[in-house]
Every structure is written in structure tokens, then in C-alpha cells.
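The data block below is work.txt; it holds compact mmCIF, C-alpha atoms.
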```txt
# COMPACT_ATOMS: atom_id res chain seq x y z
CA MET A 273 0.00 0.00 0.00
CA MET A 274 1.25 3.48 -0.90
CA LYS A 275 0.46 6.58 1.05
CA THR A 276 -2.65 8.57 0.09
CA GLN A 277 -1.21 11.95 1.06
CA ASN A 278 0.97 14.45 -0.76
CA ILE A 279 4.31 12.79 -1.52
CA LEU A 280 6.39 15.83 -0.63
CA LEU A 281 4.46 16.31 2.60
CA SER A 282 4.94 12.62 3.38
CA LEU A 283 8.69 12.79 2.82
CA PHE A 284 8.88 16.04 4.79
CA LEU A 285 7.11 14.44 7.75
CA ILE A 286 9.44 11.45 7.56
CA LEU A 287 12.47 13.71 7.58
CA LEU A 288 10.99 15.80 10.39
CA LEU A 289 10.57 12.71 12.53
CA VAL A 290 14.12 11.60 11.76
CA PHE A 291 15.59 15.03 12.50
CA SER A 292 13.66 15.29 15.75
CA ALA A 293 14.93 11.90 16.97
CA CYS A 294 16.14 11.82 20.53
CA ARG A 295 19.65 10.69 19.74
CA GLU A 296 22.70 12.07 18.00
CA ILE A 297 25.19 9.86 16.15
CA THR A 298 28.79 10.76 15.39
CA VAL A 299 31.06 8.46 13.40
CA THR A 300 34.74 9.28 13.86
CA THR A 301 37.61 7.74 11.90
CA LYS A 302 41.11 8.27 13.27
CA VAL A 303 43.68 7.49 10.58
CA ASN A 304 47.18 6.50 11.72
CA PRO A 305 50.43 7.42 9.91
CA ASP A 306 50.87 3.79 8.78
CA GLY A 307 47.44 3.70 7.09
CA THR A 308 45.64 1.69 9.78
CA PHE A 309 42.68 3.39 11.42
CA THR A 310 40.22 3.25 14.27
CA ARG A 311 36.51 3.87 13.85
CA ILE A 312 34.41 5.18 16.74
CA ILE A 313 30.61 5.37 16.71
CA MET A 314 29.25 7.53 19.52
CA VAL A 315 25.51 7.65 20.23
CA THR A 316 24.06 10.24 22.62
CA GLY A 317 20.42 10.34 23.69
CA ASP A 318 17.69 9.09 25.99
CA SER A 319 17.95 5.62 27.46
CA SER A 320 15.07 4.46 25.24
CA ASP A 321 16.90 5.45 22.05
CA VAL A 322 20.61 5.34 22.72
CA PHE A 323 20.85 1.54 22.83
CA LYS A 324 19.00 0.94 19.55
CA THR A 325 21.21 -1.08 17.25
CA ASN A 326 20.07 0.53 13.99
CA LEU A 327 23.33 2.39 13.35
CA PRO A 328 24.89 3.87 10.18
CA PHE A 329 27.49 1.10 10.25
CA PRO A 330 27.05 -2.46 11.54
CA VAL A 331 28.58 -3.36 14.88
CA ASP A 332 28.96 -6.80 16.43
CA GLU A 333 30.73 -8.43 19.37
CA THR A 334 34.13 -7.60 17.85
CA TRP A 335 33.53 -3.92 18.59
CA ALA A 336 34.39 -2.62 22.07
CA GLN A 337 31.31 -1.11 23.69
CA MET A 338 31.20 1.40 26.54
CA SER A 339 28.20 3.23 27.99
CA SER A 340 27.98 6.09 30.48
CA LYS A 341 25.93 9.09 31.53
CA ASP A 342 26.44 12.26 29.46
CA SER A 343 28.59 14.55 31.60
CA SER A 344 26.87 17.64 30.17
CA ASP A 345 23.31 16.34 30.66
CA SER A 346 22.49 13.81 33.38
CA THR A 347 19.25 12.82 31.62
CA LYS A 348 21.12 11.52 28.60
CA TYR A 349 23.35 8.52 28.01
CA MET A 350 26.36 7.90 25.78
CA VAL A 351 27.20 4.63 24.09
CA THR A 352 30.50 4.28 22.25
CA TYR A 353 31.50 1.50 19.86
CA THR A 354 35.19 1.25 18.91
CA LYS A 355 37.14 -0.97 16.55
CA SER A 356 40.53 -0.75 14.82
CA PHE A 357 41.10 -1.88 11.24
CA ARG A 358 44.29 -2.84 9.44
CA ASN A 359 42.87 -1.63 6.13
CA SER A 360 39.66 -0.42 4.52
CA ASN A 361 38.91 -3.85 3.04
CA GLU A 362 38.15 -5.13 6.53
CA LEU A 363 35.62 -2.35 7.14
CA ASN A 364 34.03 -2.75 3.69
CA ALA A 365 33.55 -6.47 4.37
CA GLU A 366 31.57 -5.62 7.50
CA ILE A 367 29.47 -3.04 5.64
CA LYS A 368 28.49 -5.64 3.02
CA GLY A 369 27.00 -7.72 5.83
CA ASP A 370 24.78 -4.87 7.06
CA THR A 371 21.20 -6.03 7.69
CA SER A 372 19.81 -2.73 9.01
CA GLN A 373 17.82 -0.22 6.96
CA TYR A 374 21.17 1.26 5.91
CA ARG A 375 21.76 -1.84 3.78
CA ASN A 376 20.11 -0.01 0.88
CA LEU A 377 23.04 2.41 0.83
CA LYS A 378 25.87 1.16 -1.35
CA ARG A 379 29.05 2.43 0.31
CA ASP A 380 32.74 2.01 -0.24
CA ILE A 381 35.59 3.29 1.94
CA THR A 382 39.25 3.48 0.99
CA VAL A 383 42.18 4.51 3.16
CA THR A 384 45.45 4.65 1.25
CA LYS A 385 49.04 5.67 1.86
CA ARG A 386 51.45 6.89 -0.85
CA PHE A 387 55.15 7.04 -0.05
CA ARG A 388 57.09 9.96 -1.56
CA PHE A 389 60.39 9.61 0.37
CA PHE A 390 60.47 12.86 2.36
CA PHE A 391 56.66 12.83 2.70
CA SER A 392 53.87 10.29 2.80
CA TYR A 393 50.34 11.17 1.64
CA LEU A 394 47.37 9.53 3.32
CA THR A 395 43.91 9.64 1.76
CA PHE A 396 40.49 8.88 3.23
CA ASN A 397 37.70 8.48 0.69
CA GLU A 398 34.14 7.35 1.40
CA VAL A 399 31.62 7.16 -1.45
CA TYR A 400 27.87 6.59 -1.22
CA LYS A 401 26.25 5.57 -4.48
CA SER A 402 23.17 7.45 -5.62
CA ALA A 403 20.10 5.86 -4.03
CA ASN A 404 17.48 7.23 -6.43
CA PRO A 405 15.89 4.14 -8.04
CA PHE A 406 14.20 6.19 -10.77
CA THR A 407 16.84 6.82 -13.44
CA LYS A 408 14.93 7.62 -16.63
CA LEU A 409 16.00 11.28 -16.56
CA ASP A 410 19.39 12.99 -16.49
CA TYR A 411 19.74 15.10 -13.35
CA ARG A 412 22.00 17.53 -15.26
CA ASP A 413 18.92 18.78 -17.12
CA TYR A 414 17.52 19.96 -13.78
CA LEU A 415 20.46 20.68 -11.48
CA THR A 416 23.86 22.34 -11.72
CA GLU A 417 26.93 21.08 -9.87
CA GLU A 418 26.49 23.98 -7.46
CA ASP A 419 22.88 22.94 -6.80
CA ILE A 420 24.13 19.47 -5.91
CA GLN A 421 26.67 20.86 -3.45
CA TRP A 422 23.98 22.93 -1.74
CA TYR A 423 21.29 20.27 -1.39
CA SER A 424 23.78 17.56 -0.36
CA GLY A 425 25.32 19.71 2.37
CA LEU A 426 28.80 19.90 0.83
CA LYS A 427 28.24 23.65 0.94
CA VAL A 428 27.26 25.05 4.33
CA SER A 429 24.86 27.96 4.79
CA VAL A 430 26.49 30.90 6.56
CA THR A 431 24.47 33.91 5.41
CA ALA A 432 20.79 34.50 4.67
CA ALA A 433 21.66 34.47 0.97
CA ASP A 434 23.22 31.02 1.45
CA SER A 435 20.02 29.72 3.06
CA THR A 436 17.98 31.07 0.17
CA ARG A 437 20.32 29.45 -2.33
CA ARG A 438 20.08 26.12 -0.53
CA SER A 439 16.27 26.31 -0.49
CA GLU A 440 16.30 26.92 -4.24
CA ALA A 441 18.50 23.85 -4.75
CA GLU A 442 16.19 21.73 -2.60
CA VAL A 443 13.13 22.81 -4.63
CA LYS A 444 14.94 21.97 -7.89
CA THR A 445 15.87 18.57 -6.43
CA GLU A 446 12.26 17.85 -5.47
CA THR A 447 11.16 18.84 -8.99
CA PHE A 448 13.72 16.45 -10.47
CA LEU A 449 12.58 13.57 -8.25
CA LEU A 450 8.91 14.12 -9.12
CA ALA A 451 9.77 14.34 -12.82
CA SER A 452 11.79 11.12 -12.51
CA VAL A 453 8.84 9.25 -10.98
CA THR A 454 6.57 10.65 -13.69
CA ALA A 455 8.93 9.48 -16.43
CA GLU A 456 9.04 6.02 -14.83
CA VAL A 457 5.24 5.69 -14.79
CA GLU A 458 4.98 6.83 -18.42
CA SER A 459 7.59 4.27 -19.43
CA ILE A 460 5.73 1.52 -17.55
CA ILE A 461 2.43 2.39 -19.25
CA GLN A 462 4.11 2.50 -22.67
CA ASN A 463 5.75 -0.89 -22.10
CA GLY A 464 2.42 -2.27 -20.89
CA ILE A 465 0.72 -1.15 -24.10
CA LYS A 466 3.42 -2.89 -26.15
CA ARG A 467 3.05 -6.09 -24.13
CA LEU A 468 -0.73 -6.02 -24.44
CA ASN A 469 -0.56 -5.34 -28.20
CA ASN A 470 -4.21 -4.31 -28.37
CA PRO A 471 -5.25 -2.15 -31.36
CA LEU A 472 -7.43 -0.03 -29.06
CA LEU A 473 -4.28 1.20 -27.28
CA ASN A 474 -1.51 0.94 -29.86
CA SER A 475 -2.17 4.43 -31.24
CA VAL A 476 -2.45 6.15 -27.82
CA ASP A 477 0.15 8.87 -27.16
CA VAL A 478 0.85 8.53 -23.44
CA SER A 479 2.79 11.81 -23.34
CA VAL A 480 -0.45 13.75 -23.96
CA PHE A 481 -1.36 13.14 -20.32
CA HIS A 482 2.07 14.13 -18.93
CA ASP A 483 0.87 17.17 -16.95
CA SER A 484 -2.09 15.29 -15.46
CA LEU A 485 0.20 12.46 -14.41
CA TYR A 486 2.76 14.85 -12.88
CA ASN A 487 0.01 16.54 -10.85
CA LYS A 488 -1.28 13.19 -9.61
CA ILE A 489 2.21 12.13 -8.52
CA GLU A 490 2.80 15.49 -6.85
CA GLY A 491 -0.51 15.11 -4.98
CA TRP A 492 0.06 11.36 -4.54
CA ASP A 493 -3.66 10.72 -4.07
CA LEU A 494 -3.71 7.03 -4.91
CA LYS A 495 -4.00 3.91 -2.80
CA VAL A 496 -1.93 1.54 -4.92
CA ALA A 497 0.26 2.05 -7.97
CA ASP A 498 -2.30 0.28 -10.16
CA ASP A 499 -4.53 3.33 -9.67
CA PHE A 500 -2.45 4.91 -12.44
CA ILE A 501 -4.26 2.64 -14.89
CA ASP A 502 -7.62 3.97 -13.68
CA TYR A 503 -6.40 7.52 -14.19
CA TYR A 504 -5.42 6.82 -17.79
CA CYS A 505 -8.87 5.36 -18.37
CA GLU A 506 -10.36 8.57 -16.99
CA TRP A 507 -8.08 11.00 -18.85
CA SER A 508 -8.34 9.26 -22.23
CA GLY A 509 -11.94 8.12 -22.01
CA ASN A 510 -10.63 4.78 -23.24
CA GLU A 511 -11.65 1.86 -21.03
CA ALA A 512 -9.20 -0.38 -22.89
CA PHE A 513 -6.52 0.88 -20.50
CA SER A 514 -8.13 -1.33 -17.80
CA MET A 515 -6.86 -4.39 -19.67
CA LEU A 516 -3.37 -3.47 -18.45
CA ASN A 517 -4.48 -4.87 -15.07
CA SER A 518 -4.48 -8.38 -16.54
CA LEU A 519 -0.77 -8.41 -17.38
CA GLU A 520 1.50 -10.84 -15.53
CA PRO A 521 3.70 -10.08 -13.78
CA PRO A 522 1.67 -7.07 -12.57
CA LEU A 523 2.57 -3.92 -14.49
CA PHE A 524 3.64 -1.90 -11.44
CA GLU A 525 5.28 -4.68 -9.42
CA ASP A 526 8.84 -3.34 -9.89
CA PHE A 527 7.67 0.26 -9.41
CA THR A 528 6.18 -0.61 -6.02
CA LYS A 529 9.49 -2.14 -4.92
CA LYS A 530 11.37 0.97 -6.01
CA MET A 531 9.02 3.22 -4.05
CA ALA A 532 9.56 1.05 -0.98
CA VAL A 533 13.34 1.50 -1.34
CA LEU A 534 12.91 5.26 -1.78
CA GLU A 535 10.83 5.57 1.38
CA THR A 536 13.35 3.44 3.30
CA ILE A 537 16.14 5.80 2.24
CA PHE A 538 14.16 8.84 3.38
CA GLU A 539 13.63 7.21 6.77
CA LEU A 540 17.38 6.92 7.39
CA GLU A 541 18.67 8.70 10.46
CA GLY A 542 21.19 11.40 9.67
CA TYR A 543 24.55 11.48 11.40
CA THR A 544 27.80 13.43 11.64
CA GLU A 545 30.95 11.91 10.19
CA GLU A 546 34.36 13.14 11.35
CA VAL A 547 37.79 12.13 10.09
CA GLU A 548 41.00 12.87 11.97
CA MET A 549 44.09 12.71 9.77
CA PRO A 550 47.77 12.55 10.74
CA GLY A 551 49.99 15.43 9.64
CA LEU A 552 48.82 18.43 7.60
CA ILE A 553 45.58 18.31 5.60
CA THR A 554 46.34 19.23 1.98
CA ALA A 555 42.96 18.63 0.28
CA THR A 556 39.33 17.93 1.22
CA ASN A 557 35.80 18.50 -0.05
CA SER A 558 34.53 19.16 3.48
CA ALA A 559 33.30 22.65 4.25
CA MET A 560 34.09 22.13 7.93
CA LEU A 561 37.83 21.99 8.63
CA ASN A 562 39.35 22.31 12.09
CA GLY A 563 43.07 21.63 12.36
CA ASN A 564 43.63 18.06 11.20
CA GLN A 565 39.95 17.13 11.51
CA VAL A 566 37.16 17.44 8.93
CA ARG A 567 33.42 16.88 9.23
CA TRP A 568 30.36 16.17 7.11
CA ASP A 569 26.69 16.13 8.12
CA PHE A 570 25.07 13.27 6.23
CA GLN A 571 21.33 13.25 5.53
CA ALA A 572 19.12 11.12 3.30
CA MET A 573 18.84 13.88 0.67
CA SER A 574 22.62 13.72 0.24
CA VAL A 575 22.29 10.59 -1.94
CA MET A 576 19.05 11.35 -3.75
CA VAL A 577 20.58 12.47 -7.05
CA THR A 578 24.28 11.69 -7.42
CA ASP A 579 27.01 9.81 -5.58
CA TYR A 580 27.98 11.45 -2.29
CA GLU A 581 31.70 11.59 -1.57
CA MET A 582 33.68 12.42 1.55
CA PHE A 583 37.32 13.03 0.75
CA VAL A 584 40.37 14.23 2.67
CA GLU A 585 44.13 13.99 2.10
CA SER A 586 46.98 14.76 4.48
CA ARG A 587 50.78 14.91 4.29
CA VAL A 588 53.04 13.34 6.89
CA ILE A 589 56.73 14.21 7.19
CA ASN A 590 59.07 11.21 7.07
CA TYR A 591 61.70 12.47 9.50
CA TRP A 592 63.80 9.36 9.05
CA ALA A 593 64.09 10.19 5.33
CA PHE A 594 65.52 13.60 6.15
CA ILE A 595 67.96 12.00 8.61
CA LEU A 596 68.95 9.38 6.03
CA ALA A 597 69.41 12.03 3.35
CA GLY A 598 71.50 14.06 5.80
CA LEU A 599 73.70 11.09 6.61
CA VAL A 600 74.18 10.31 2.91
CA LEU A 601 75.06 13.94 2.22
CA LEU A 602 77.48 13.97 5.16
CA ALA A 603 79.11 10.77 3.91
CA LEU A 604 79.59 12.31 0.46
CA VAL A 605 81.17 15.41 1.98
CA VAL A 606 83.53 13.25 4.06
CA LEU A 607 84.52 11.25 0.96
CA LEU A 608 85.20 14.44 -0.96
CA VAL A 609 87.34 15.79 1.90
CA ILE A 610 89.30 12.52 2.15
CA LYS A 611 89.94 12.56 -1.61
CA ALA A 612 91.00 16.20 -1.48
CA VAL A 613 93.43 15.54 1.42
CA GLY A 614 94.81 12.47 -0.33
CA LYS A 615 95.66 14.50 -3.41
```

Output the file's structure in the form of C-alpha cells.
Amino acid sequence: MMKTQNILLSLFLILLLVFSACREITVTTKVNPDGTFTRIIMVTGDSSDVFKTNLPFPVDETWAQMSSKDSSDSTKYMVTYTKSFRNSNELNAEIKGDTSQYRNLKRDITVTKRFRFFFSYLTFNEVYKSANPFTKLDYRDYLTEEDIQWYSGLKVSVTAADSTRRSEAEVKTETFLLASVTAEVESIIQNGIKRLNNPLLNSVDVSVFHDSLYNKIEGWDLKVADDFIDYYCEWSGNEAFSMLNSLEPPLFEDFTKKMAVLETIFELEGYTEEVEMPGLITATNSAMLNGNQVRWDFQAMSVMVTDYEMFVESRVINYWAFILAGLVLLALVVLLVIKAVGK
């Protein structure tokens, strides 16, 4: 069953409930100079929420767990999960086994180290694949790269003008999502007509009813996806559309599954991700940089159009390389002096 209320209002209410949740989640990754790293998941909230196991990343008995009262608020609790990893492959293997609602997010994390003699460069890169299941349209026809940075949170609002710009990007994103669903339904109806191969429908131009369909999807006043067939009967005055209900498998079976995935994504609890790098940070796409630490605020909308990437690179000085180079240089000088004295 699909919701009978306005789709945007429905998604807004879902997000409002998520944002007003009684717990805060922070995922911190501390990268070591040798490329190993430790991941810490800290949950703060009421006792009824803080121990819920539905976390952005799966944890099991191999993670160290510690709980305590929040020192700044005695009514709240803190639960911390900690685990060290030798490489990112180990963490990715755990993510693939995720059974929570976050399993619908395809994620990949890489932590690499590049040796350049005097310096080593360490990179943390975490990519979330786009979660929009409706891919008939090209987002670039609706959104600019700057729009994407605003709606995904890669750009942070500082001024009133920034807030206005972000709101504009969010409206354009909603328009794209609605248009994507509309295009999907039109494609399904067109494919259904081909499968049915009935002369009463073969000459029907589905695109004629595009605006009516878009308005119905925007209002989302239907009980099940098959109601779309009834609407086409009404708009066209052609009862032959009802024969689409006889197709097997059901015409909107895959569409219903996609909508379920979309709603699951919108129900995801947002969280803060922090990465602490060794040495000096030389590059990052985070808008929040503090010393050798960067931060991103992840929300469901972040993955609604394109891949969402968190990237940071740092440079570590290899002091031993400088010492070695100094010793080699000193040895060369000594050899030159010995040769000069010998002559």
C-alpha cells in the first residue's frame, strides 16, 4: 500500500521525525600514519533510544562497547562503539553484511598511503552511491553542480543568501525527483501497451497526459500504484486501459518495490561523520575543517541524485628520510674531503 497523502508532505514528515529523533550519532575515523585506522561510533540520547542497534554502520561483538551518563546532561546517556582496522577492506567487508535499513546504501571506503620519500600522503575516501531508483531522466537537465553541493550539504549555509540558495537547490531537487517518478510511470504504461498489443491502445500517445500524471504524482492521491491505470482510463476516455491490469507479472510490481526503497532511504537517520588525519591536511571537499579534523553532516537527501563523496588527504613528514638524506650527504662530503686531502 502506498500513502494517500501528498508525496512531498509525506517525505517532509518522515524527515521531520528523523531530524527530531532523541539521539545524535557521530562516526569518527582516526587514521594513523601507517594507514591503519580506528573507527568510533558515539551515540548520545535518551535511554530508550541510545541503545538501539540501527546504526549507520554495523557493529557486532568484535567492537568494544562502553556506555555512560552524558557529563553535560544527566538525563542523557552515551554509548560508544570502537574498533581498529588494518585496512579499509576489513571495514568494507563488515558493511556488506549490514542487515539494518542502511543496507540499501551502497558504500565504499578506501584509506590509502602513498610514499614519496620525504613525505607520505594519506587519503580517506568514502563514497555513497546514488540511491534514487528512478533513473529515466538525467539530473543535469535539472540541477547544476552547485545545486548538488547545496542540497547535499557539501556547501554550508552561513548567510541569509546562502540559506535562500540552498532552499532553491532543494526545490529543484524535489522537482527532479517528481519528474523522474513521472517518467518512470509513463515508461511503464508504454511498455504495458506494447506487451498487451491491443489495437485499441496501440495508437495512444501517453505523453499527452504528462501534466495530469505529474500533478497526480505530486498530490500522490492514490491507494496503490495500479490506480495509475484507472487515471489513464479517466483521462483518455478509453476503457481499454483497464486491460493493463491483466498483465503478468503485474505492471507496477517493480515500481512498487522501487518506491519502498525510496521511502526506506528517506527514513534513514542522519549522522555526523568526522575524520581525523595525521599530519597536515592538503585537500578535502569538506566545508568544515578544524586543524587536522574534517566533518560532514550526512542526511538522506545527500544521496538522492548523485554519488555522495567524503574526501580528505593529508601529508606526513618522514623524519627518518631527512635523517637518512642528511647522513648520505654527510658521507659524500667526508669522501670528498678525504679525496681532497689524499691529493

(request) Check the smallest atom-to-atom distance from each of A:Ser452, A:Ser508, A:Ser339, A:Thr354 to Asp477 (chain A) using only C-alpha atoms, then report the winner. (result)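 Among the listed residues, the smallest separation from Asp477 (chain A) belongs to A:Ser508.
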
(request) Pick out the closest residue to Ala512 (chain A) from this set: A:Thr454, A:Thr395, A:Ser435, A:Ser475. Count only C-alpha atoms. (result)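 Of the candidates, the smallest distance to Ala512 (chain A) is held by A:Ser475.
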
I want to know what sits within 8 Å of Val533 (chain A), based on only C-alpha atoms, with residues of the same chain fewer than 3 positions away left out; could you give that as a PDB file with C-alpha atoms, in the frame of the given file?
```pdb
ATOM      1  CA  ASN A 376      20.110  -0.010   0.880  1.00  0.00           C
ATOM      2  CA  PRO A 405      15.890   4.140  -8.040  1.00  0.00           C
ATOM      3  CA  LYS A 529       9.490  -2.140  -4.920  1.00  0.00           C
ATOM      4  CA  LYS A 530      11.370   0.970  -6.010  1.00  0.00           C
ATOM      5  CA  THR A 536      13.350   3.440   3.300  1.00  0.00           C
ATOM      6  CA  ILE A 537      16.140   5.800   2.240  1.00  0.00           C
TER       7      ILE A 537
END
```

(message) Give me, as a PyMOL selection string, all polymer residues having an atom no more than 7 Å from region 310-312 of chain A, counting all atoms listed in the file and skipping those fewer than 5 positions away in the same chain.
(response) chain A and resi 299-303+352-357

Export, as a PDB file, in the frame of the given file, the selected residues with C-alpha atoms.
```pdb
ATOM      1  CA  VAL A 299      31.060   8.460  13.400  1.00  0.00           C
ATOM      2  CA  THR A 300      34.740   9.280  13.860  1.00  0.00           C
ATOM      3  CA  THR A 301      37.610   7.740  11.900  1.00  0.00           C
ATOM      4  CA  LYS A 302      41.110   8.270  13.270  1.00  0.00           C
ATOM      5  CA  VAL A 303      43.680   7.490  10.580  1.00  0.00           C
ATOM      6  CA  THR A 352      30.500   4.280  22.250  1.00  0.00           C
ATOM      7  CA  TYR A 353      31.500   1.500  19.860  1.00  0.00           C
ATOM      8  CA  THR A 354      35.190   1.250  18.910  1.00  0.00           C
ATOM      9  CA  LYS A 355      37.140  -0.970  16.550  1.00  0.00           C
ATOM     10  CA  SER A 356      40.530  -0.750  14.820  1.00  0.00           C
ATOM     11  CA  PHE A 357      41.100  -1.880  11.240  1.00  0.00           C
TER      12      PHE A 357
END
```

(message) Using Å and a single decimal, report how far CA of Ile501 (chain A) sits from CA of Leu473 (chain A).
(response)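 Those two atoms sit 12.5 Å apart.
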
(message) Using Å and a single decimal, report how far CA of Glu440 (chain A) sits from CA of Phe481 (chain A).
(response) 27.6 Å

(message) Under the rule that only C-alpha atoms are counted, which of A:Asp332, A:Asp321, A:Asp306, A:Asp502 is the nearest residue to Arg386 (chain A)?
(response)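 Closest residue, counting only C-alpha atoms: A:Asp306.
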
(request) In Å, rounded to a single decimal, give me how far CA of Thr298 (chain A) is from CA of Val351 (chain A). (result)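 Between CA of Val351 (chain A) and CA of Thr298 (chain A) the gap works out to 10.8 Å.
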
(request) List every protein, DNA or RNA residue that has at least one atom no more than 10 Å from (16.6, 21.9, -3.9) in the file's coordinates, counting all atoms listed in the file, and write the result as a PyMOL selection string. (result) chain A and resi 415+419-420+422-424+437-448+573

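Residue nearest Leu449 (chain A) within the list A:Ser360, A:Ser343, A:Asn562, A:Thr578: A:Thr578 [criterion: smallest interatomic distance, all atoms listed in the file].
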
(message) Which residues are near Ala593 (chain A)? Cut-off 10 Å, all atoms listed in the file, ignore same chain within fewer than 2 positions. Put them as a list in words.
(response)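 Non-adjacent residues within range: Arg388, Phe389, Phe390, Phe391, Ile589, Asn590, Tyr591, Ile595, Leu596, Ala597, Gly598 and Leu599 of chain A.
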
(request) Choose the residue, out of A:Phe387, A:Leu327, A:Asp380, A:Leu516, that has the smallest atom-to-atom separation from Lys466 (chain A); count only C-alpha atoms. (result)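 Nearest candidate to Lys466 (chain A) out of A:Phe387, A:Leu327, A:Asp380, A:Leu516: A:Leu516.
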
(request) Find the residues around Ser479 (chain A) up to 10 Å (only C-alpha atoms counted), leave out those fewer than 4 positions away in its own chain, and share them as a list in words. (result)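 Near Ser479 (chain A), the qualifying residues are Ala455, Glu458, Ser459, Gln462, Asp483, Ser484 and Leu485 of chain A.
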
Those same residues, written as a PDB file, in the frame of the given file with C-alpha atoms?
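Once everything was written out, this is selection.pdb:
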```pdb
ATOM      1  CA  ALA A 455       8.930   9.480 -16.430  1.00  0.00           C
ATOM      2  CA  GLU A 458       4.980   6.830 -18.420  1.00  0.00           C
ATOM      3  CA  SER A 459       7.590   4.270 -19.430  1.00  0.00           C
ATOM      4  CA  GLN A 462       4.110   2.500 -22.670  1.00  0.00           C
ATOM      5  CA  ASP A 483       0.870  17.170 -16.950  1.00  0.00           C
ATOM      6  CA  SER A 484      -2.090  15.290 -15.460  1.00  0.00           C
ATOM      7  CA  LEU A 485       0.200  12.460 -14.410  1.00  0.00           C
TER       8      LEU A 485
END
```

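The residue that comes closest to Arg379 (chain A), out of A:Glu585, A:Asn359, A:Lys348, A:Phe329 and on the basis of only C-alpha atoms, is A:Phe329.
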
Could you give me, as a tab-separated table (two decimals) with C-alpha atoms, in the coordinates of the input, the residues within 12 Å of Ser514 (chain A), counting only C-alpha atoms and dropping anything in the same chain fewer than 5 positions from it?
```tsv
chain	number	residue	atom	x	y	z
A	461	ILE	CA	2.43	2.39	-19.25
A	464	GLY	CA	2.42	-2.27	-20.89
A	465	ILE	CA	0.72	-1.15	-24.10
A	468	LEU	CA	-0.73	-6.02	-24.44
A	470	ASN	CA	-4.21	-4.31	-28.37
A	472	LEU	CA	-7.43	-0.03	-29.06
A	473	LEU	CA	-4.28	1.20	-27.28
A	498	ASP	CA	-2.30	0.28	-10.16
A	499	ASP	CA	-4.53	3.33	-9.67
A	500	PHE	CA	-2.45	4.91	-12.44
A	501	ILE	CA	-4.26	2.64	-14.89
A	502	ASP	CA	-7.62	3.97	-13.68
A	503	TYR	CA	-6.40	7.52	-14.19
A	504	TYR	CA	-5.42	6.82	-17.79
A	505	CYS	CA	-8.87	5.36	-18.37
A	506	GLU	CA	-10.36	8.57	-16.99
A	508	SER	CA	-8.34	9.26	-22.23
A	509	GLY	CA	-11.94	8.12	-22.01
A	519	LEU	CA	-0.77	-8.41	-17.38
A	523	LEU	CA	2.57	-3.92	-14.49
```

With all atoms listed in the file counted, which protein, DNA or RNA residues have an atom no more than 6 Å from (30.2, 8.0, -5.4) in the file frame? Please answer as a compact mmCIF listing (two decimals) with C-alpha atoms, keeping the file's coordinate frame.
```
# COMPACT_ATOMS: atom_id res chain seq x y z
CA VAL A 399 31.62 7.16 -1.45
CA TYR A 400 27.87 6.59 -1.22
CA LYS A 401 26.25 5.57 -4.48
CA ASP A 579 27.01 9.81 -5.58
CA TYR A 580 27.98 11.45 -2.29
CA GLU A 581 31.70 11.59 -1.57
```
